[in-house]
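Note sheet for the following structure.
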Amino acid sequence: MKFPMISFVIATFNGERTIDRCLKSILEQDYPKNKIEIIIVDGGSIDKTLNIIKKYPVKLLYNNKKLAEGPGMGKALGGKNAKGDYICYVDQDNILVGKEWLKEMINPFLKDLSISIVQSQLYINKKTNLINHYIGIIGIEDPYAISNAITSQLIFNKKLFIEKKDFFLFKMNSKNQFYFGNNGGIYRKKEFEEIGGYSRENDMCCEFSRMKIILAIPKKAYLYHNSYSNFLNFIKKRGNHFKRFILANYKQRKYKWKGRYLKEKGRFYVNIIKNLIIFPALFYSMYKTLKEKDAVWILHPIFLFVITMVYLCLIIIYLPKGSLKAFSNS
């Protein structure tokens, strides 16, 4: 197997609870260590994060702007300094599952030169708390984003993909675009630089969709997202994320929640209605509970309802008067 150089980019902030396990999982990969570069961009941590980081062979950068997402922010700064042939974005609460993860992720690039991006699946950890377990079964940390996330589509709408021996393929275009990239997404550097490097996850997905790139999801590469300690922590973190990365800079985004095309706009409003009336998700969760014998699926309609209500309340509270219409327009 060829071993191209991989640059891992991690944007951190007060990650003492999880960053150690994240770094260990990268350095324990069965992959030449001289072919792995780890770039950490810290946004001003005031806990023990920096002391933990300094124990490892990493390149540490400082992000005075503090935020991870956005042009010139943490993830953009890390990508700009990456020297690898491929750039991998993981978050500080991500753990690569197994020592073969990186080989499984690189394999599609080497087998099919038309592939530009490879995305990891989320690992279902039944020994963790209910929140992290639930995130694993839906394939995304935000249940509201299920209809827009590529990893969730593999679970909820598998017919969109072309199945190969070792991975699934998805051909992107501007009318059929989904979120991807963080939580174990690897970019071929050539296409990464063609769109101007990292900006925001959703905006990058929009740009890659216009390029009609091909994305692969390996069958044996899983990443554990050790994100939430309890239900209240889940609500708090999703609310903060919504305020900081969506409401605060919505006008500057290229890709809007509502989307640009009739199909996307219809999906946007239909999902809000379905989440609030609960019954469609309830029937689906009962079916999945029986099929997969995993009772955590029962939480699915509850989480969809709660997170949709949280976001709607934040829109009403924080958006200036008269801009609610602008929020949904693209």
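By convention in this document, the chains of the structure tokens carry letters A, B, ... by their order, each chain's residues are numbered from 1, and ligands are numbered from 1 in the order they are shown.
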Closest-contact table, stretch 133-245 of chain A side, partner stretch 14-21 of chain A, 10 Å, counting only C-alpha atoms, as a Markdown table:
| residue | atom | partner | partner_atom | distance |
| --- | --- | --- | --- | --- |
| A:His225 | CA | A:Thr18 | CA | 9.9 |
| A:Asn226 | CA | A:Thr18 | CA | 7.4 |
| A:Ser227 | CA | A:Thr18 | CA | 8.5 |
Which residues come within 9 Å of A:Lys83, counting only C-alpha atoms, excluding same-chain residues fewer than 6 positions away, as a ChimeraX atom specification?
/A:5-7,37
Limited to N, CA and C atoms, could you put the picked residues into a file as an mmCIF file, in the first residue's frame?
data_model
loop_
_atom_site.group_PDB
_atom_site.id
_atom_site.type_symbol
_atom_site.label_atom_id
_atom_site.label_comp_id
_atom_site.auth_asym_id
_atom_site.auth_seq_id
_atom_site.Cartn_x
_atom_site.Cartn_y
_atom_site.Cartn_z
ATOM 1 N N MET A 5 1.162 11.378 2.578
ATOM 2 C CA MET A 5 1.212 12.138 3.832
ATOM 3 C C MET A 5 -0.162 12.726 4.151
ATOM 4 N N ILE A 6 -0.571 12.574 5.411
ATOM 5 C CA ILE A 6 -1.866 13.052 5.882
ATOM 6 C C ILE A 6 -1.664 14.140 6.924
ATOM 7 N N SER A 7 -2.332 15.262 6.746
ATOM 8 C CA SER A 7 -2.312 16.335 7.745
ATOM 9 C C SER A 7 -3.639 16.330 8.495
ATOM 10 N N GLU A 37 0.974 14.233 9.979
ATOM 11 C CA GLU A 37 1.193 15.562 10.550
ATOM 12 C C GLU A 37 -0.055 15.947 11.334
#
Excluding A:Ala11 and its own-chain neighbours fewer than 4 positions away, which residues fall within 12 Å of it when counting only C-alpha atoms? Please give them as a PyMOL selection string.
chain A and resi 15+19+22+38-45+49+53+59-63+65-70+73-79+88-94+182-183
DSSP alpha helix (DSSP H) selection over stretch 91-205 of chain A, as number ranges by chain:
A: 101-111, 130-138, 150-156, 189-194, 201-205
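Coordinates place atom CA of A:Tyr311 at a distance of 19.5 Å from atom CA of A:Arg200.
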Write out as a PyMOL selection string all residues of stretch 178-259 of chain A that DSSP puts in strand (DSSP E) for this structure's backbone.
chain A and resi 185-188+214-218+222-225
Minimum-distance residue to A:Tyr198, chosen among A:Lys126, A:Lys288, A:Lys237, A:Lys80 (using only C-alpha atoms):
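Of A:Lys126, A:Lys288, A:Lys237, A:Lys80, the one nearest A:Tyr198 is A:Lys80, counting only C-alpha atoms.
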List as a PyMOL selection string the protein and nucleic acid residues near A:Cys206, meaning an atom at most 7 Å away when only C-alpha atoms are counted, but skip any in the same chain fewer than 2 places from it.
chain A and resi 174+177+202-204+208-210+255
Give the answer as one residue: which of A:Gly185, A:Pro32, A:Pro108, A:Gly197 has the shortest atom-to-atom distance to A:Ile10, using only C-alpha atoms?
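Going through A:Gly185, A:Pro32, A:Pro108, A:Gly197 one by one, the smallest distance to A:Ile10 is for A:Gly185.
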Residue among A:Gln119, A:Asn176, A:Thr308, A:Asn125 lying closest to A:Ile87, counting only C-alpha atoms
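Using only C-alpha atoms, the shortest distance to A:Ile87 belongs to A:Gln119.
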Residue contacts of stretch 149-162 of chain A (7 Å, only C-alpha atoms) excluding same-chain residues fewer than 3 positions away, as a JSON list (two decimals) with C-alpha atoms, in the first residue's frame:
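Result file follows (selection.json):
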[["chain", "number", "residue", "atom", "x", "y", "z"],
["A", 121, "GLN", "CA", -19.04, 6.99, 9.47],
["A", 138, "ILE", "CA", -28.40, 8.67, 13.27],
["A", 139, "GLY", "CA", -24.90, 9.36, 11.90],
["A", 140, "ILE", "CA", -24.73, 13.06, 12.84],
["A", 145, "ALA", "CA", -29.43, 18.08, 10.18],
["A", 146, "ILE", "CA", -30.31, 14.46, 9.33],
["A", 168, "PHE", "CA", -19.99, 3.63, -0.97],
["A", 169, "LEU", "CA", -19.83, 6.35, -3.64],
["A", 170, "PHE", "CA", -21.90, 9.51, -3.88],
["A", 178, "PHE", "CA", -25.25, 17.32, 1.60],
["A", 179, "TYR", "CA", -23.07, 18.30, 4.56],
["A", 180, "PHE", "CA", -19.77, 16.48, 5.15]]
For A:Leu276, the nearest of the candidates A:Leu290, A:Leu299, A:Ile315, A:Val306, counting only C-alpha atoms:
A:Val306
List the spatial neighbours of stretch 127-129 of chain A as a ChimeraX atom specification - criterion: any atom at most 10 Å away, only C-alpha atoms, same-chain residues fewer than 6 positions off excluded.
/A:226,228-231
Include N, CA and C atoms and write out the residues we just selected as a PDB file, in the first residue's frame.
ATOM      1  N   ASN A 226     -17.421  11.518  20.931  1.00  0.00           N
ATOM      2  CA  ASN A 226     -17.635  11.567  22.385  1.00  0.00           C
ATOM      3  C   ASN A 226     -18.000  12.992  22.792  1.00  0.00           C
ATOM      4  N   TYR A 228     -21.223  14.579  24.150  1.00  0.00           N
ATOM      5  CA  TYR A 228     -22.100  15.127  25.176  1.00  0.00           C
ATOM      6  C   TYR A 228     -22.081  14.288  26.451  1.00  0.00           C
ATOM      7  N   SER A 229     -22.131  14.961  27.585  1.00  0.00           N
ATOM      8  CA  SER A 229     -22.108  14.273  28.877  1.00  0.00           C
ATOM      9  C   SER A 229     -23.508  13.942  29.375  1.00  0.00           C
ATOM     10  N   ASN A 230     -24.513  14.734  28.972  1.00  0.00           N
ATOM     11  CA  ASN A 230     -25.898  14.475  29.374  1.00  0.00           C
ATOM     12  C   ASN A 230     -26.840  15.281  28.474  1.00  0.00           C
ATOM     13  N   PHE A 231     -28.144  15.154  28.709  1.00  0.00           N
ATOM     14  CA  PHE A 231     -29.133  15.803  27.852  1.00  0.00           C
ATOM     15  C   PHE A 231     -29.036  17.325  27.909  1.00  0.00           C
TER      16      PHE A 231
END
Excluding A:Asp85 and any residue of its chain fewer than 3 positions from it, enumerate the residues within 12 Å of it, using only C-alpha atoms, and give them as number ranges by chain.
A: 3-8, 35-37, 79, 82, 88, 106, 109, 116, 186-193
Using only C-alpha atoms for the distances, tell me which of A:Asn271, A:Asn34, A:Thr289, A:Thr12 is nearest to A:Asn148.
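Under the stated criterion, the closest residue is A:Asn271.
For the choices A:Met286, A:Ala295, A:Leu223, A:Ile235, the atom-to-atom distance to A:Met309 is smallest for A:Ile235 when using only C-alpha atoms.
As for atom CA of A:Lys48 and atom CA of A:Leu27, they are spaced 20.1 Å apart.
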Could you jot down the atom CA of A:Met105 to atom CA of A:Ser120 separation for me, Å, one decimal place?
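It comes out at 7.2 Å.
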